[in-house]
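Structure data follow from data_6.tsv (TSV, C-alpha atoms):
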```tsv
chain	number	residue	atom	x	y	z
A	23	MET	CA	-0.49	-6.45	19.36
A	24	THR	CA	-4.19	-6.25	20.15
A	25	PRO	CA	-7.31	-5.29	18.16
A	26	ALA	CA	-7.08	-1.83	19.76
A	27	ASP	CA	-3.61	-1.19	18.32
A	28	PRO	CA	-3.48	1.19	15.35
A	29	VAL	CA	-1.71	-1.29	13.08
A	30	TRP	CA	-4.52	-3.83	13.60
A	31	ARG	CA	-7.18	-1.22	13.02
A	32	VAL	CA	-5.64	0.13	9.81
A	33	HIS	CA	-4.73	-3.24	8.30
A	34	GLY	CA	-8.09	-4.73	9.23
A	35	GLN	CA	-10.24	-2.15	7.45
A	36	ALA	CA	-10.88	-3.56	3.97
A	37	THR	CA	-11.96	-0.46	2.04
A	38	GLY	CA	-9.03	1.58	3.33
A	39	MET	CA	-6.65	-1.24	2.43
A	40	LEU	CA	-8.07	-1.60	-1.07
A	41	THR	CA	-7.98	2.09	-1.93
A	42	GLY	CA	-4.71	2.55	-0.04
A	43	GLY	CA	-3.22	-0.41	-1.87
A	44	PHE	CA	-4.02	1.06	-5.28
A	45	ALA	CA	-2.67	4.43	-4.14
A	46	ALA	CA	0.53	2.75	-2.94
A	47	LEU	CA	1.10	1.15	-6.35
A	48	MET	CA	0.69	4.54	-8.02
A	49	LEU	CA	2.94	6.36	-5.57
A	50	GLN	CA	5.62	3.66	-5.67
A	51	SER	CA	5.69	3.86	-9.48
A	52	LEU	CA	7.15	7.37	-9.26
A	53	HIS	CA	10.51	5.99	-8.11
A	54	PRO	CA	12.25	5.15	-11.41
A	55	LEU	CA	14.26	2.26	-9.96
A	56	ALA	CA	11.29	0.74	-8.14
A	57	MET	CA	9.24	1.06	-11.34
A	58	ALA	CA	12.00	-0.53	-13.41
A	59	GLY	CA	12.00	-3.54	-11.11
A	60	VAL	CA	8.24	-3.93	-11.41
A	61	ASP	CA	8.27	-3.37	-15.16
A	62	GLN	CA	11.03	-5.88	-15.82
A	63	HIS	CA	10.21	-8.57	-13.26
A	64	SER	CA	6.55	-8.37	-12.17
A	65	ASP	CA	3.51	-9.98	-13.80
A	66	PHE	CA	1.33	-7.00	-12.88
A	67	ARG	CA	0.08	-6.58	-16.45
A	68	ALA	CA	-1.24	-10.13	-16.45
A	69	ASP	CA	-2.73	-9.89	-12.97
A	70	PRO	CA	-2.49	-6.47	-11.29
A	71	VAL	CA	-5.18	-7.34	-8.76
A	72	GLY	CA	-3.20	-10.47	-7.93
A	73	ARG	CA	-0.14	-8.35	-7.24
A	74	LEU	CA	-2.18	-6.07	-5.01
A	75	ASN	CA	-3.67	-9.09	-3.25
A	76	GLY	CA	-0.17	-10.48	-2.74
A	77	THR	CA	0.85	-7.27	-1.01
A	78	VAL	CA	-2.27	-7.33	1.14
A	79	ARG	CA	-1.64	-10.99	2.05
A	80	PHE	CA	1.89	-10.10	3.15
A	81	ILE	CA	0.59	-7.23	5.25
A	82	THR	CA	-2.19	-9.29	6.85
A	83	THR	CA	0.13	-12.22	7.59
A	84	THR	CA	2.76	-10.04	9.22
A	85	THR	CA	0.06	-8.15	11.14
A	86	PHE	CA	-2.38	-10.87	12.17
A	87	GLY	CA	-0.54	-14.12	11.53
A	88	SER	CA	1.39	-16.18	14.04
A	89	ALA	CA	5.04	-15.38	14.63
A	90	PRO	CA	6.20	-18.45	12.62
A	91	ALA	CA	3.90	-17.49	9.71
A	92	ALA	CA	5.23	-13.92	9.73
A	93	ARG	CA	8.85	-15.12	9.77
A	94	GLU	CA	8.11	-17.50	6.92
A	95	VAL	CA	6.55	-14.87	4.65
A	96	ILE	CA	9.29	-12.34	5.43
A	97	GLY	CA	11.92	-14.94	4.57
A	98	LEU	CA	10.14	-15.76	1.32
A	99	VAL	CA	10.01	-12.12	0.26
A	100	ARG	CA	13.68	-11.63	1.15
A	101	ARG	CA	14.60	-14.60	-1.06
A	102	ILE	CA	12.51	-13.25	-3.93
A	103	HIS	CA	14.18	-9.85	-3.59
A	104	THR	CA	17.64	-11.36	-4.12
A	105	ARG	CA	16.56	-12.46	-7.60
A	106	VAL	CA	15.14	-9.07	-8.65
A	107	HIS	CA	17.88	-6.88	-10.09
A	108	GLY	CA	18.77	-5.24	-13.38
A	109	THR	CA	19.36	-1.95	-15.12
A	110	ALA	CA	16.78	0.83	-15.38
A	111	PRO	CA	16.16	2.60	-18.71
A	112	ASP	CA	18.26	5.54	-17.46
A	113	GLY	CA	21.26	3.22	-17.07
A	114	ARG	CA	21.26	2.96	-13.29
A	115	PRO	CA	21.49	-0.49	-11.72
A	116	TYR	CA	18.87	-1.53	-9.20
A	117	ARG	CA	18.20	-4.44	-6.87
A	118	ALA	CA	15.06	-5.13	-4.89
A	119	ASP	CA	17.01	-5.81	-1.69
A	120	ASP	CA	18.56	-2.33	-1.73
A	121	PRO	CA	17.83	-0.95	1.77
A	122	ASP	CA	17.01	2.52	0.46
A	123	LEU	CA	14.60	1.13	-2.13
A	124	LEU	CA	12.93	-1.02	0.53
A	125	THR	CA	12.44	2.07	2.68
A	126	TRP	CA	10.77	3.85	-0.23
A	127	VAL	CA	8.41	0.95	-0.96
A	128	HIS	CA	7.48	0.59	2.71
A	129	THR	CA	6.93	4.30	3.35
A	130	ALA	CA	4.81	4.78	0.22
A	131	GLU	CA	2.79	1.75	1.24
A	132	VAL	CA	2.05	2.56	4.87
A	133	ARG	CA	1.42	6.22	4.11
A	134	SER	CA	-1.19	5.10	1.57
A	135	PHE	CA	-2.78	2.51	3.86
A	136	LEU	CA	-3.08	5.08	6.63
A	137	ALA	CA	-4.60	7.63	4.25
A	138	GLY	CA	-7.10	4.99	3.10
A	139	HIS	CA	-8.08	4.17	6.67
A	140	GLN	CA	-8.54	7.80	7.62
A	141	ALA	CA	-10.73	8.39	4.57
A	142	TYR	CA	-12.87	5.23	4.65
A	143	ALA	CA	-13.09	3.94	8.22
A	144	PRO	CA	-16.18	5.06	10.16
A	145	ARG	CA	-15.40	8.39	11.79
A	146	THR	CA	-15.46	6.93	15.29
A	147	HIS	CA	-12.83	4.34	14.23
A	148	ARG	CA	-10.34	6.74	12.68
A	149	LEU	CA	-7.01	7.31	14.36
A	150	THR	CA	-6.06	10.30	16.44
A	151	PRO	CA	-2.83	12.13	15.54
A	152	ALA	CA	-1.01	10.27	18.33
A	153	GLU	CA	-2.39	6.95	17.07
A	154	CYS	CA	-1.20	7.78	13.54
A	155	ASP	CA	2.32	8.13	14.94
A	156	THR	CA	1.90	4.81	16.73
A	157	TYR	CA	0.82	3.19	13.47
A	158	TYR	CA	4.08	4.14	11.76
A	159	ARG	CA	6.05	2.90	14.76
A	160	GLN	CA	4.22	-0.43	14.84
A	161	ALA	CA	4.58	-0.97	11.09
A	162	ALA	CA	8.32	-0.22	10.99
A	163	PRO	CA	9.81	-3.48	12.37
A	164	VAL	CA	8.56	-5.62	9.47
A	165	ALA	CA	10.20	-3.26	6.96
A	166	GLU	CA	13.43	-3.41	8.94
A	167	GLU	CA	13.32	-7.22	8.97
A	168	LEU	CA	13.04	-7.06	5.18
A	169	GLY	CA	16.19	-4.92	5.12
A	170	ALA	CA	14.92	-1.34	5.07
A	171	ARG	CA	16.83	1.27	7.05
A	172	GLU	CA	16.02	4.62	8.64
A	173	VAL	CA	12.33	3.79	8.41
A	174	PRO	CA	9.99	6.67	9.37
A	175	ARG	CA	8.37	6.07	12.76
A	176	ASN	CA	5.81	8.87	12.90
A	177	VAL	CA	3.80	11.14	10.62
A	178	SER	CA	6.34	13.96	10.72
A	179	GLU	CA	9.23	11.66	9.78
A	180	ALA	CA	7.18	10.13	6.95
A	181	GLU	CA	6.27	13.50	5.46
A	182	SER	CA	9.85	14.74	5.83
A	183	TYR	CA	11.04	11.59	4.09
A	184	LEU	CA	8.67	12.19	1.16
A	185	THR	CA	9.88	15.78	0.90
A	186	ARG	CA	13.50	14.60	0.75
A	187	MET	CA	12.62	11.99	-1.85
A	188	ARG	CA	10.61	14.35	-4.03
A	189	PRO	CA	13.52	15.45	-6.31
A	190	ARG	CA	14.22	11.80	-7.16
A	191	LEU	CA	10.64	10.99	-8.11
A	192	HIS	CA	9.07	11.38	-11.51
A	193	ALA	CA	6.73	9.56	-13.83
A	194	THR	CA	8.66	7.48	-16.33
A	195	PRO	CA	6.89	6.14	-19.44
A	196	ALA	CA	6.66	2.78	-17.64
A	197	ALA	CA	5.00	4.43	-14.63
A	198	LEU	CA	2.42	6.24	-16.76
A	199	ASP	CA	1.72	3.05	-18.70
A	200	SER	CA	1.32	1.01	-15.51
A	201	VAL	CA	-1.14	3.48	-13.97
A	202	ARG	CA	-3.20	3.63	-17.19
A	203	PHE	CA	-3.28	-0.15	-17.30
A	204	LEU	CA	-4.16	-0.47	-13.62
A	205	ARG	CA	-7.09	1.94	-13.83
A	206	ALA	CA	-8.56	0.14	-16.87
A	207	PHE	CA	-7.99	-3.42	-15.70
A	208	GLY	CA	-10.79	-5.93	-15.33
A	209	ARG	CA	-11.63	-9.40	-16.58
A	210	THR	CA	-15.37	-8.66	-16.67
A	211	PRO	CA	-17.40	-5.47	-17.06
A	212	GLN	CA	-18.32	-5.63	-13.37
A	213	GLU	CA	-14.70	-6.02	-12.31
A	214	ARG	CA	-13.59	-3.18	-14.59
A	215	LEU	CA	-16.23	-0.93	-13.05
A	216	ALA	CA	-15.24	-1.83	-9.49
A	217	VAL	CA	-11.54	-1.33	-10.21
A	218	ARG	CA	-12.20	1.98	-11.92
A	219	LEU	CA	-14.24	3.27	-8.99
A	220	LEU	CA	-11.64	2.14	-6.45
A	221	THR	CA	-8.68	3.51	-8.41
A	222	ASN	CA	-10.48	6.81	-8.98
A	223	ALA	CA	-10.91	7.03	-5.21
A	224	SER	CA	-7.31	6.00	-4.58
A	225	THR	CA	-6.03	9.00	-6.52
A	226	GLY	CA	-7.58	11.18	-3.82
A	227	LEU	CA	-5.21	9.59	-1.29
A	228	LEU	CA	-2.11	10.67	-3.21
A	229	PRO	CA	-0.15	13.84	-2.50
A	230	GLY	CA	-1.13	16.57	-4.95
A	231	TRP	CA	2.30	16.57	-6.58
A	232	ALA	CA	1.98	12.82	-7.24
A	233	ARG	CA	-1.32	13.29	-9.06
A	234	THR	CA	0.29	16.04	-11.13
A	235	GLU	CA	3.26	13.81	-12.03
A	236	LEU	CA	0.91	11.02	-13.12
A	237	GLY	CA	-1.26	13.38	-15.16
A	238	ILE	CA	-4.34	12.71	-13.00
A	239	ARG	CA	-6.77	15.62	-13.12
A	240	ARG	CA	-9.67	15.12	-10.75
A	241	THR	CA	-10.87	18.15	-8.85
A	242	ALA	CA	-11.25	18.11	-5.08
A	243	ALA	CA	-15.01	18.36	-5.52
A	244	VAL	CA	-15.06	15.23	-7.69
A	245	ARG	CA	-12.70	13.34	-5.40
A	246	VAL	CA	-14.71	14.09	-2.26
A	247	GLY	CA	-18.24	14.37	-3.59
A	248	TRP	CA	-18.21	11.57	-6.18
A	249	ASP	CA	-15.23	9.23	-5.87
A	250	ARG	CA	-15.32	8.75	-2.10
A	251	PRO	CA	-19.04	7.86	-1.74
A	252	LEU	CA	-18.86	5.42	-4.65
A	253	ALA	CA	-15.72	3.74	-3.29
A	254	THR	CA	-17.37	3.49	0.14
A	255	ALA	CA	-20.32	1.66	-1.43
A	256	VAL	CA	-18.06	-0.66	-3.45
A	257	GLY	CA	-15.92	-1.35	-0.40
A	258	ARG	CA	-18.89	-2.21	1.78
A	259	THR	CA	-20.22	-4.55	-0.89
A	260	LEU	CA	-16.87	-6.30	-1.14
A	261	GLU	CA	-16.56	-6.54	2.65
A	262	TRP	CA	-20.01	-8.10	2.81
A	263	GLY	CA	-19.11	-10.56	0.04
A	264	LEU	CA	-15.82	-11.56	1.66
A	265	GLY	CA	-17.35	-12.07	5.08
A	266	PRO	CA	-15.40	-12.12	8.36
A	267	SER	CA	-11.61	-12.36	8.07
A	268	GLN	CA	-10.40	-15.80	9.11
A	269	ILE	CA	-6.86	-14.62	9.79
A	270	GLN	CA	-8.13	-11.84	12.07
A	271	ALA	CA	-10.39	-14.30	13.88
A	272	ALA	CA	-7.43	-16.64	14.37
A	273	ALA	CA	-5.34	-13.77	15.73
A	274	ARG	CA	-8.03	-12.89	18.26
A	275	GLY	CA	-8.23	-16.55	19.23
A	276	ARG	CA	-4.47	-16.73	19.85
A	277	LEU	CA	-4.65	-13.55	21.89
A	278	ALA	CA	-7.54	-14.87	23.99
A	279	GLY	CA	-5.69	-18.16	24.54
A	280	ALA	CA	-2.55	-16.35	25.66
A	281	ARG	CA	-4.56	-14.33	28.17
A	282	GLN	CA	-6.21	-17.44	29.59
A	283	GLY	CA	-2.85	-19.20	29.80
```
Spell out the structure here as structure tokens.
Amino acid sequence: MTPADPVWRVHGQATGMLTGGFAALMLQSLHPLAMAGVDQHSDFRADPVGRLNGTVRFITTTTFGSAPAAREVIGLVRRIHTRVHGTAPDGRPYRADDPDLLTWVHTAEVRSFLAGHQAYAPRTHRLTPAECDTYYRQAAPVAEELGAREVPRNVSEAESYLTRMRPRLHATPAALDSVRFLRAFGRTPQERLAVRLLTNASTGLLPGWARTELGIRRTAAVRVGWDRPLATAVGRTLEWGLGPSQIQAAARGRLAGARQG
């Protein structure tokens, strides 16, 4: 992979990843078995931003990290998944290493990250339709190494997959509770404001039916004219505060070294 590759460009754009990450959590919550696993095993209520950061760390390590680092983090997540299992409130058993469930989590995630990039990257940096297809293709191998199967490899396959999944998706009480909690989270007034602005913007990345399921009523005018500019400002502030990404710099250094060698 190189900095010109779509997967690098999407996963390296902080505002798109932040808003896309929040959108992914909301979209994933609509799968009752995925939500049951989070509700019964995750510490998201104690530290939802930490859970989001954990997901982003996994994505950045498998995108920009060295091959050994990527293998290590994939192995760690696979081991964690073997310990996550139980029974959902509707009586169905679930396990986090279920290939079909892994495909759902991955597809909801990358669809949301891509939507975030296309909304918040500078216009000249956004992906073309062909590059969007390439993004799905480049993101798929990591999901398959985790155990997912029949992973969508282009935009059309991803949207067809969501259409097929739609009858199985609905907002359980746990899902509605988790989204309410997520949108109100914050340890300080400043953090609560930033999270609220980012999660408001993330709802604009969801499919319309997902917003309806979650009871989110924000008009298109509000989403585009209010939420998006505010999230852009928050994202730029956070990017400035975080400074250059060390893991991306290391990846570029490895790439440059390989070319010289």
Residue nearest Ala243 in chain A - candidates A:Arg205, A:Thr129, A:Gly226, A:Ile96, atoms counted: all atoms listed in the file: A:Gly226
Closest of A:Ala170, A:Ala92, A:Val201, A:Ala206 to Leu123 in chain A - atom-to-atom distances counting all atoms listed in the file: A:Ala170
Would you place a box with edges along x, y and z of the file around all atoms of range 119-129 of chain A listed there, add 8 Å to each of its six sides, and report the centre and edge lengths in Å to one decimal, as JSON?
```
{"center_x": 12.7, "center_y": -0.8, "center_z": 0.6, "size_x": 27.6, "size_y": 26.1, "size_z": 21.5}
```
Spatial neighbours of Val106 in chain A, max dist 12 Å, all atoms listed in the file, sep filter under 2 positions, as a ChimeraX atom specification: /A:55-56,58-64,99-104,108-109,115-120
Distance query Val173 in chain A at most 12 Å, all atoms listed in the file, self and fewer than 5 positions along chain excluded, as a list in words: Pro121, Asp122, Leu123, Leu124, Thr125, Trp126, Val127, His128, Thr129, Ala130, Val132, Arg133, Tyr158, Arg159, Gln160, Ala161, Ala162, Pro163, Val164, Ala165, Glu166, Glu167, Leu168, Glu179, Ala180, Glu181, Ser182, Tyr183 and Leu184 of chain A
Å distance separating CA of Ala253 in chain A from CA of Asn222 in chain A, one decimal place: 8.3 Å
Using only C-alpha atoms, find each residue in range 228-277 of chain A having at least one atom no more than 10 Å away from range 187-198 of chain A; report its shortest atom-to-atom pair and that distance in Å (one decimal), rows by chain then rising number, as a Markdown table.
```
| residue | atom | partner | partner_atom | distance |
| --- | --- | --- | --- | --- |
| A:Trp231 | CA | A:Arg188 | CA | 9.0 |
| A:Ala232 | CA | A:His192 | CA | 8.4 |
| A:Thr234 | CA | A:Ala193 | CA | 9.5 |
| A:Glu235 | CA | A:Ala193 | CA | 5.8 |
| A:Leu236 | CA | A:Ala193 | CA | 6.0 |
| A:Gly237 | CA | A:Leu198 | CA | 8.2 |
```
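Picture a line from CA of Val78 in chain A to CA of Pro25 in chain A; it runs 17.9 Å.
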Among listed residues A:Val246, A:Leu204, A:Met23, A:Leu227, nearest Ser51 in chain A (using all atoms listed in the file):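 The answer is A:Leu204, which sits nearest to Ser51 in chain A.
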Within 12 Å of file point (-14.9, -6.0, 5.6), counting all atoms listed in the file, expressed as a VMD selection string: chain A and resid 31 to 40 142 to 143 254 to 268 270
Among listed residues A:Thr85, A:Glu172, A:Glu131, A:Leu252, nearest Ala216 in chain A (using all atoms listed in the file): A:Leu252
Among listed residues A:Gly87, A:Pro54, A:Pro151, A:Gly42, nearest Ala223 in chain A (using all atoms listed in the file):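 Looking only at the distances to Ala223 in chain A, the closest residue turns out to be A:Gly42.
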Non-local contacts of Phe86 in chain A (8 Å; all atoms listed in the file; under 6 positions in same chain excluded) as a list of chain:residue names: A:Trp30, A:Ile269, A:Gln270, A:Ala272, A:Ala273
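A straight line drawn from CA of Arg274 in chain A to CA of Ala141 in chain A is 25.4 Å long.
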Polymer residues at most 8 Å from Phe207 in chain A, all atoms listed in the file, same-chain spacing of 6 or more positions, as a ChimeraX atom specification: /A:70,213-214,217-218
Write the residues of the selection above to a file with C-alpha atoms, as a JSON list (two decimals), in the frame of the given file.
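Below is the file result-v7.json, written as the result:
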```json
[["chain", "number", "residue", "atom", "x", "y", "z"],
["A", 70, "PRO", "CA", -2.49, -6.47, -11.29],
["A", 213, "GLU", "CA", -14.70, -6.02, -12.31],
["A", 214, "ARG", "CA", -13.59, -3.18, -14.59],
["A", 217, "VAL", "CA", -11.54, -1.33, -10.21],
["A", 218, "ARG", "CA", -12.20, 1.98, -11.92]]
```
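For the choices A:Thr24, A:Thr221, A:Asn176, A:Gln50, the atom-to-atom distance to Thr156 in chain A is smallest for A:Asn176 when using all atoms listed in the file.
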Contacts of Gln140 in chain A at 10 Å (all atoms listed in the file; same-chain gap of 3+ positions) as a ChimeraX atom specification: /A:32,38,134-137,143-145,147-150,154,227
